[in-house]
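Below is query14.txt, holding compact mmCIF, C-alpha atoms.
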# COMPACT_ATOMS: atom_id res chain seq x y z
CA GLN F 1 1.63 5.34 -32.37
CA GLY F 2 2.16 1.79 -31.22
CA GLN F 3 4.71 1.28 -34.08
CA LEU F 4 8.05 1.34 -32.31
CA ALA F 5 11.41 0.99 -34.07
CA PHE F 6 14.36 -0.79 -32.50
CA SER F 7 17.81 -0.45 -34.04
CA GLY F 8 20.82 -2.66 -33.61
CA GLY F 9 23.77 -3.74 -35.69
CA GLY F 10 23.14 -0.98 -38.20
CA SER F 11 19.61 -2.07 -39.05
CA SER F 12 16.18 -1.16 -37.72
CA VAL F 13 13.29 -3.51 -37.03
CA SER F 14 9.70 -2.33 -36.76
CA SER F 15 7.63 -3.85 -33.98
CA THR F 16 4.03 -3.41 -32.85
CA GLU F 17 4.91 -4.50 -29.31
CA PRO F 18 5.44 -1.60 -26.90
CA ALA F 19 8.87 -1.41 -25.27
CA MET F 20 8.43 -2.80 -21.78
CA GLN F 21 9.93 0.20 -20.03
CA ASP F 22 7.29 2.36 -21.74
CA ALA F 23 4.44 -0.13 -21.30
CA SER F 24 4.86 -0.54 -17.53
CA PRO F 25 1.85 0.92 -15.67
CA VAL F 26 4.09 2.62 -13.11
CA ALA F 27 5.98 4.35 -15.95
CA SER F 28 2.74 6.15 -16.85
CA TRP F 29 3.52 8.61 -14.05
CA GLN F 30 6.34 9.89 -16.27
CA TRP F 31 4.22 10.39 -19.36
CA TYR F 32 4.59 14.16 -19.06
CA ALA F 33 7.79 13.66 -21.08
CA ALA F 34 6.45 10.97 -23.44
CA VAL F 35 4.85 10.95 -26.90
CA ASP F 36 1.79 13.08 -27.65
CA GLY F 37 -0.92 10.56 -26.79
CA GLN F 38 0.67 9.71 -23.46
CA GLN F 39 1.16 13.39 -22.65
CA TYR F 40 -2.54 14.06 -23.31
CA ILE F 41 -3.49 11.29 -20.89
CA PHE F 42 -1.03 12.48 -18.23
CA TRP F 43 -2.19 16.09 -18.26
CA THR F 44 -5.86 15.10 -18.45
CA CYS F 45 -5.29 13.04 -15.29
CA ILE F 46 -3.56 15.93 -13.53
CA SER F 47 -6.34 18.34 -14.53
CA LEU F 48 -9.06 15.98 -13.29
CA ASN F 49 -7.29 15.45 -9.97
CA VAL F 50 -6.93 19.20 -9.39
CA CYS F 51 -10.58 19.87 -10.29
CA PHE F 52 -11.86 17.14 -8.01
CA VAL F 53 -9.75 18.32 -5.08
CA PHE F 54 -11.49 21.71 -5.31
CA SER F 55 -14.83 19.95 -5.72
CA ALA F 56 -14.24 17.80 -2.64
CA VAL F 57 -13.33 20.81 -0.52
CA ILE F 58 -16.55 22.58 -1.53
CA LEU F 59 -18.69 19.49 -0.96
CA PHE F 60 -17.09 18.65 2.40
CA LEU F 61 -17.80 22.22 3.50
CA GLY F 62 -21.49 21.40 3.24
CA VAL F 63 -22.54 22.39 -0.30
CA GLU F 64 -24.78 19.60 -1.57
CA ALA F 65 -24.74 18.67 -5.26
CA PRO F 66 -28.30 19.49 -6.43
CA TYR F 67 -29.57 16.10 -7.60
CA GLY F 68 -31.48 13.24 -6.01
CA ARG F 69 -32.92 14.06 -2.60
CA TYR F 70 -31.29 17.51 -2.75
CA ASN F 71 -33.14 18.45 -5.95
CA GLN F 72 -36.59 19.04 -4.49
CA ALA F 73 -38.68 22.20 -4.61
CA GLU F 74 -38.22 23.06 -0.93
CA SER F 75 -34.46 22.50 -1.23
CA LYS F 76 -34.26 24.76 -4.26
CA ASP F 77 -36.14 27.55 -2.47
CA LYS F 78 -33.65 27.44 0.43
CA SER F 79 -30.52 27.21 -1.74
CA ASN F 80 -28.26 30.05 -2.81
CA VAL F 81 -28.27 31.73 -6.23
CA ILE F 82 -25.64 29.40 -7.71
CA MET F 83 -27.46 26.24 -6.61
CA ARG F 84 -30.80 27.57 -7.89
CA ALA F 85 -29.22 28.27 -11.28
CA LEU F 86 -27.75 24.75 -11.44
CA SER F 87 -31.15 23.28 -10.61
CA SER F 88 -33.21 25.41 -12.98
CA VAL F 89 -33.52 22.90 -15.87
CA ASP F 90 -34.21 19.25 -15.00
CA VAL F 91 -33.74 16.13 -17.15
CA PRO F 92 -35.68 12.91 -16.44
CA ALA F 93 -33.45 10.61 -14.39
CA LYS F 94 -33.49 7.64 -16.79
CA ALA F 95 -32.53 9.77 -19.79
CA ALA F 96 -29.90 11.70 -17.84
CA TRP F 97 -28.14 8.54 -16.62
CA ILE F 98 -28.00 7.05 -20.11
CA ILE F 99 -26.74 10.26 -21.72
CA GLN F 100 -24.11 11.11 -19.11
CA GLU F 101 -22.63 7.63 -18.78
CA CYS F 102 -22.61 6.53 -22.45
CA PRO F 103 -19.23 8.07 -23.46
CA THR F 104 -17.45 5.39 -21.42
CA LEU F 105 -18.85 2.56 -23.56
CA LEU F 106 -18.22 4.45 -26.79
CA TRP F 107 -14.58 4.99 -25.84
CA ALA F 108 -14.20 1.33 -24.85
CA ALA F 109 -15.52 0.15 -28.22
CA TRP F 110 -13.46 2.65 -30.21
CA CYS F 111 -10.21 1.95 -28.37
CA PHE F 112 -10.65 -1.83 -28.56
CA VAL F 113 -11.24 -1.72 -32.33
CA PHE F 114 -8.18 0.49 -32.91
CA ALA F 115 -6.03 -1.03 -30.15
CA ASP F 116 -2.31 -1.62 -30.29
CA PRO F 117 -1.92 -5.34 -31.13
CA ALA F 118 0.24 -6.01 -28.06
CA CYS F 119 -2.32 -4.42 -25.73
CA ARG F 120 -5.26 -6.24 -27.30
CA ALA F 121 -3.35 -9.53 -27.13
CA SER F 122 -2.76 -9.10 -23.37
CA TRP F 123 -5.25 -11.03 -21.23
CA GLY F 124 -4.54 -8.63 -18.38
CA ASN F 125 -5.46 -5.59 -20.47
CA CYS F 126 -8.62 -7.22 -21.78
CA LEU F 127 -9.77 -8.34 -18.32
CA VAL F 128 -9.25 -4.89 -16.80
CA LEU F 129 -11.05 -3.25 -19.73
CA LEU F 130 -13.86 -5.78 -19.28
CA CYS F 131 -14.18 -4.68 -15.65
CA PHE F 132 -14.61 -1.09 -16.83
CA VAL F 133 -17.17 -2.08 -19.48
CA ALA F 134 -19.15 -4.34 -17.12
CA HIS F 135 -19.63 -1.52 -14.63
CA TYR F 136 -20.76 0.93 -17.29
CA VAL F 137 -23.10 -1.49 -19.02
CA ASN F 138 -24.85 -1.68 -15.67
CA ARG F 139 -24.65 2.05 -14.96
CA THR F 140 -25.56 3.21 -18.49
CA ILE F 141 -28.27 0.70 -19.43
CA ILE F 142 -29.41 -1.64 -16.66
CA TYR F 143 -29.45 0.72 -13.68
CA PRO F 144 -31.42 3.57 -15.32
CA LEU F 145 -34.04 1.23 -16.75
CA ARG F 146 -34.61 -0.41 -13.36
CA THR F 147 -34.89 2.75 -11.28
CA ARG F 148 -38.29 3.98 -10.18
CA GLY F 149 -39.33 7.19 -8.51
CA SER F 150 -35.92 8.84 -9.04
CA LYS F 151 -35.77 12.61 -8.95
CA PRO F 152 -34.85 14.40 -12.20
CA ILE F 153 -31.26 15.54 -12.64
CA PRO F 154 -30.44 19.20 -13.35
CA MET F 155 -29.07 19.78 -16.84
CA PRO F 156 -25.75 21.31 -15.67
CA VAL F 157 -25.14 18.35 -13.33
CA MET F 158 -25.81 15.93 -16.18
CA LEU F 159 -23.44 17.84 -18.48
CA MET F 160 -20.68 17.83 -15.85
CA ALA F 161 -21.13 14.09 -15.39
CA PHE F 162 -21.02 13.65 -19.17
CA ALA F 163 -17.77 15.63 -19.35
CA PHE F 164 -16.18 13.48 -16.65
CA CYS F 165 -17.31 10.23 -18.27
CA PHE F 166 -15.98 11.45 -21.62
CA LEU F 167 -12.55 12.36 -20.23
CA ASN F 168 -12.35 9.37 -17.92
CA GLY F 169 -13.39 6.98 -20.68
CA TYR F 170 -10.64 8.45 -22.82
CA ILE F 171 -7.83 8.09 -20.27
CA GLN F 172 -8.84 4.60 -19.09
CA CYS F 173 -9.52 2.99 -22.46
CA CYS F 174 -6.67 4.64 -24.35
CA SER F 175 -4.21 3.74 -21.60
CA LEU F 176 -5.27 0.09 -21.61
CA MET F 177 -5.56 -0.33 -25.36
CA ARG F 178 -2.67 1.84 -26.60
CA TYR F 179 0.10 2.32 -24.06
CA LEU F 180 0.07 -0.13 -21.11
CA VAL F 181 0.64 -3.85 -20.80
CA VAL F 182 -1.03 -5.39 -17.73
CA GLN F 183 0.27 -8.84 -16.88
CA VAL F 184 -2.66 -11.13 -16.05
CA GLY F 185 -0.66 -13.15 -13.51
CA ASP F 186 0.66 -10.18 -11.53
CA PHE F 187 -0.32 -10.00 -7.87
CA THR F 188 -1.76 -6.52 -8.34
CA THR F 189 -3.94 -7.68 -11.24
CA ILE F 190 -5.39 -10.62 -9.31
CA VAL F 191 -5.97 -8.71 -6.06
CA GLY F 192 -7.29 -5.66 -7.89
CA ILE F 193 -9.85 -7.58 -9.92
CA ALA F 194 -10.97 -9.44 -6.77
CA LEU F 195 -11.53 -6.12 -4.96
CA TRP F 196 -13.26 -4.68 -8.02
CA ALA F 197 -15.63 -7.68 -8.19
CA THR F 198 -16.41 -7.36 -4.48
CA GLY F 199 -17.15 -3.67 -4.91
CA LEU F 200 -19.35 -4.29 -7.95
CA TYR F 201 -21.38 -6.92 -6.09
CA LEU F 202 -21.85 -4.66 -3.04
CA ASN F 203 -22.69 -1.72 -5.31
CA MET F 204 -25.40 -3.63 -7.19
CA ASP F 205 -26.72 -5.11 -3.93
CA SER F 206 -26.97 -1.62 -2.44
CA ASP F 207 -28.80 -0.40 -5.55
CA ARG F 208 -31.22 -3.33 -5.17
CA ILE F 209 -31.92 -2.47 -1.53
CA LEU F 210 -32.56 1.20 -2.34
CA ARG F 211 -34.72 0.32 -5.34
CA ASN F 212 -36.91 -2.01 -3.28
CA LEU F 213 -37.52 0.51 -0.52
CA ARG F 214 -40.40 1.95 -2.51
CA GLY F 215 -43.43 -0.04 -3.51
CA SER F 216 -45.36 0.60 -6.70
CA GLY F 217 -46.51 4.23 -6.80
CA GLU F 218 -44.75 5.12 -3.55
CA THR F 219 -42.62 8.23 -3.09
CA GLY F 220 -40.54 9.55 -0.24
CA TYR F 221 -37.61 8.07 1.65
CA LYS F 222 -37.18 5.22 4.10
CA ILE F 223 -34.31 3.85 6.17
CA PRO F 224 -32.42 1.18 4.20
CA TYR F 225 -31.49 -2.06 5.96
CA GLY F 226 -29.41 -5.04 4.91
CA GLY F 227 -26.11 -5.59 3.17
CA LEU F 228 -23.52 -2.87 3.61
CA PHE F 229 -26.25 -0.50 4.86
CA GLU F 230 -25.99 -2.25 8.24
CA TYR F 231 -22.62 -0.52 8.63
CA VAL F 232 -22.68 2.73 6.63
CA SER F 233 -25.25 5.21 5.35
CA GLY F 234 -23.51 5.52 1.99
CA ALA F 235 -23.31 1.81 1.20
CA ASN F 236 -23.47 2.31 -2.56
CA PHE F 237 -20.78 5.00 -2.36
CA CYS F 238 -18.51 2.87 -0.18
CA ALA F 239 -18.90 -0.03 -2.63
CA GLU F 240 -18.12 2.12 -5.66
CA ILE F 241 -14.99 3.54 -4.05
CA LEU F 242 -13.90 -0.04 -3.25
CA GLU F 243 -14.66 -1.01 -6.84
CA TRP F 244 -12.47 1.66 -8.43
CA THR F 245 -9.72 1.26 -5.85
CA GLY F 246 -9.55 -2.37 -6.95
CA PHE F 247 -9.55 -1.21 -10.56
CA ALA F 248 -6.61 1.13 -9.88
CA ILE F 249 -4.69 -1.72 -8.28
CA ALA F 250 -5.52 -4.02 -11.21
CA THR F 251 -4.06 -1.47 -13.65
CA GLY F 252 -0.78 -1.72 -11.75
CA PHE F 253 -1.32 1.69 -10.11
CA SER F 254 -1.27 3.44 -13.48
CA ILE F 255 -1.88 7.18 -13.40
CA ALA F 256 -5.23 6.74 -15.16
CA GLY F 257 -6.46 4.05 -12.75
CA VAL F 258 -5.37 5.97 -9.65
CA THR F 259 -6.97 9.14 -11.01
CA PHE F 260 -10.30 7.33 -11.40
CA ALA F 261 -10.22 6.01 -7.82
CA PHE F 262 -9.21 9.41 -6.42
CA CYS F 263 -11.86 11.35 -8.35
CA THR F 264 -14.50 8.82 -7.29
CA PHE F 265 -13.66 9.38 -3.62
CA CYS F 266 -13.62 13.17 -4.03
CA ASN F 267 -17.01 13.10 -5.75
CA ILE F 268 -19.09 10.62 -3.75
CA GLY F 269 -17.24 10.57 -0.43
CA PRO F 270 -18.72 13.96 0.56
CA ARG F 271 -22.13 12.81 -0.67
CA ALA F 272 -22.03 9.86 1.72
CA VAL F 273 -21.35 12.31 4.56
CA SER F 274 -24.28 14.49 3.43
CA HIS F 275 -26.57 11.44 3.26
CA HIS F 276 -25.54 10.37 6.76
CA ARG F 277 -26.27 13.81 8.16
CA TRP F 278 -29.60 13.91 6.29
CA TYR F 279 -30.69 10.51 7.65
CA LEU F 280 -29.84 11.52 11.23
CA GLN F 281 -31.86 14.73 10.87
CA LYS F 282 -34.86 13.13 9.18
CA PHE F 283 -35.28 9.90 11.18
CA GLU F 284 -35.24 9.88 14.98
CA ASN F 285 -34.90 6.09 14.98
CA TYR F 286 -31.96 6.02 12.56
CA PRO F 287 -29.35 3.44 13.71
CA LYS F 288 -26.76 5.36 15.72
CA HIS F 289 -24.02 2.77 15.18
CA ARG F 290 -23.86 3.37 11.44
CA LYS F 291 -20.98 5.35 10.03
CA ALA F 292 -21.11 7.57 6.96
CA LEU F 293 -18.72 5.92 4.50
CA ILE F 294 -16.16 3.52 6.01
CA PRO F 295 -17.54 0.69 8.20
CA LEU F 296 -16.68 1.08 11.93
CA ILE F 297 -14.40 4.06 11.21
CA TRP F 298 -16.00 7.09 9.50
In structure tokens, write the structure found in this file.
Amino acid sequence: QGQLAFSGGGSSVSSTEPAMQDASPVASWQWYAAVDGQQYIFWTCISLNVCFVFSAVILFLGVEAPYGRYNQAESKDKSNVIMRALSSVDVPAKAAWIIQECPTLLWAAWCFVFADPACRASWGNCLVLLCFVAHYVNRTIIYPLRTRGSKPIPMPVMLMAFAFCFLNGYIQCCSLMRYLVVQVGDFTTIVGIALWATGLYLNMDSDRILRNLRGSGETGYKIPYGGLFEYVSGANFCAEILEWTGFAIATGFSIAGVTFAFCTFCNIGPRAVSHHRWYLQKFENYPKHRKALIPLIW
């Protein structure tokens, strides 16, 4: 894989540079008819999209994923049999975050070491992969170690997150380091990375605001103010969706990049709506002008 033969004039020449028609990000939408590795990525993307559509429908109907503020004793007692089973075994939040997110960094390292030479030589590919790695260094290492007072995460929820990070790490890193060539000077690359960087900043700023709501030894919840929270209840979710939308654009709208953005929306979009409803029910003085997920709109 990555060794492509071109023939002409009765002779064949081996090349490590992918043929451009195969290396175009948009061409990844036709990988269902490509070589084995590309087919695996294509059908993994399709499977993830289908699963997350069903997940979004369930979550938008009002079922709350049992972690964080929805993984408390009183919530468990009121939940149905399925939710009680999912919440039966808890993992400390710091450990759960590190375990469930780590496959992304392992895939990034593996795929970079064994990358196709043309992909690794592309500044565009390396910059987009760096965006992916930067986010997950924060989410796998920095974020868990800085959290305080976080609720434990149910084992099944952690394992599902691990499975997604494993599959998503595979499709993103293998696409970028084996099969795609992203041109660093393309409009989509520049705009996408700019949007990704904006989303990352807003995401980390939202995490900072939430983290500082509690003083030393404090528990419970307060109304967050500042940053994107002035406009939406799910500021961190809005920022992360912006981040991966930018990433998808930066990949040239590859099937892997678009899948990541779509699955992110399906997963945390409904959670932002649940948070908004929860804030309105819990706090009588909650700002009425705030939206759930999209500033001024929704």
Within-10 Å shell of (-19.3, 11.6, -16.2) in input frame, all atoms listed in the file, as a PyMOL selection string: chain F and resi 97+99-104+157-169
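The shortest atom-to-atom distance to F:Val89, with only C-alpha atoms taken into account, belongs to F:Pro152 out of F:Gly252, F:Pro152, F:Gly269, F:Gly220.
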Nearest to F:Thr259, chosen from F:Cys126, F:Ala56, F:Ile171, F:Ala34, with only C-alpha atoms counted in the distances: F:Ile171
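You will find atom CA of F:Thr251 at 23.6 Å from atom CA of F:Ile294.
With atom CA of F:Gly192 on one side and atom CA of F:Ser233 on the other, the separation reads 24.8 Å.
Using all atoms listed in the file for every distance, the candidate list F:Asn212, F:Thr189, F:Ser150, F:Gln183 yields F:Asn212 as the residue closest to F:Pro224.
Atom to atom, atom CA of F:Leu228 and atom CA of F:Arg271 stand 16.3 Å apart.
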Would you fill out stretch 257-282 of chain F with N, CA and C atoms and return it as a short mmCIF file (atom, residue, chain, number, x, y, z; two decimals), in the frame of the given file?
data_model
loop_
_atom_site.label_atom_id
_atom_site.label_comp_id
_atom_site.auth_asym_id
_atom_site.auth_seq_id
_atom_site.Cartn_x
_atom_site.Cartn_y
_atom_site.Cartn_z
N GLY F 257 -5.69 4.81 -13.72
CA GLY F 257 -6.46 4.05 -12.75
C GLY F 257 -6.53 4.74 -11.41
N VAL F 258 -5.40 5.27 -10.94
CA VAL F 258 -5.37 5.97 -9.65
C VAL F 258 -6.21 7.24 -9.71
N THR F 259 -6.16 7.93 -10.84
CA THR F 259 -6.97 9.14 -11.01
C THR F 259 -8.46 8.82 -10.88
N PHE F 260 -8.89 7.72 -11.48
CA PHE F 260 -10.30 7.33 -11.40
C PHE F 260 -10.71 7.07 -9.95
N ALA F 261 -9.90 6.31 -9.22
CA ALA F 261 -10.22 6.01 -7.82
C ALA F 261 -10.26 7.28 -6.99
N PHE F 262 -9.29 8.17 -7.19
CA PHE F 262 -9.21 9.41 -6.42
C PHE F 262 -10.39 10.32 -6.71
N CYS F 263 -10.73 10.49 -7.98
CA CYS F 263 -11.86 11.35 -8.35
C CYS F 263 -13.17 10.78 -7.82
N THR F 264 -13.29 9.45 -7.83
CA THR F 264 -14.50 8.82 -7.29
C THR F 264 -14.67 9.16 -5.82
N PHE F 265 -13.58 9.04 -5.05
CA PHE F 265 -13.66 9.38 -3.62
C PHE F 265 -14.01 10.85 -3.44
N CYS F 266 -13.36 11.74 -4.18
CA CYS F 266 -13.62 13.17 -4.03
C CYS F 266 -15.06 13.54 -4.38
N ASN F 267 -15.66 12.79 -5.30
CA ASN F 267 -17.01 13.10 -5.75
C ASN F 267 -18.09 12.54 -4.83
N ILE F 268 -17.99 11.25 -4.50
CA ILE F 268 -19.09 10.62 -3.75
C ILE F 268 -18.79 10.43 -2.27
N GLY F 269 -17.53 10.61 -1.86
CA GLY F 269 -17.24 10.57 -0.43
C GLY F 269 -18.01 11.65 0.33
N PRO F 270 -17.94 12.91 -0.11
CA PRO F 270 -18.72 13.96 0.56
C PRO F 270 -20.23 13.71 0.50
N ARG F 271 -20.69 13.07 -0.57
CA ARG F 271 -22.13 12.81 -0.67
C ARG F 271 -22.56 11.79 0.37
N ALA F 272 -21.71 10.82 0.65
CA ALA F 272 -22.03 9.86 1.72
C ALA F 272 -22.16 10.57 3.06
N VAL F 273 -21.29 11.53 3.31
CA VAL F 273 -21.35 12.31 4.56
C VAL F 273 -22.64 13.12 4.61
N SER F 274 -23.03 13.73 3.49
CA SER F 274 -24.28 14.49 3.43
C SER F 274 -25.48 13.59 3.67
N HIS F 275 -25.47 12.40 3.05
CA HIS F 275 -26.57 11.44 3.26
C HIS F 275 -26.67 11.04 4.72
N HIS F 276 -25.54 10.79 5.35
CA HIS F 276 -25.54 10.37 6.76
C HIS F 276 -26.14 11.46 7.64
N ARG F 277 -25.73 12.69 7.40
CA ARG F 277 -26.27 13.81 8.16
C ARG F 277 -27.75 13.96 7.90
N TRP F 278 -28.18 13.78 6.65
CA TRP F 278 -29.60 13.91 6.29
C TRP F 278 -30.44 12.84 6.97
N TYR F 279 -29.96 11.60 6.99
CA TYR F 279 -30.69 10.51 7.65
C TYR F 279 -30.85 10.79 9.14
N LEU F 280 -29.78 11.25 9.78
CA LEU F 280 -29.84 11.52 11.23
C LEU F 280 -30.83 12.63 11.54
N GLN F 281 -30.93 13.62 10.65
CA GLN F 281 -31.86 14.73 10.87
C GLN F 281 -33.30 14.34 10.59
N LYS F 282 -33.50 13.46 9.63
CA LYS F 282 -34.86 13.13 9.18
C LYS F 282 -35.52 12.03 10.01
#
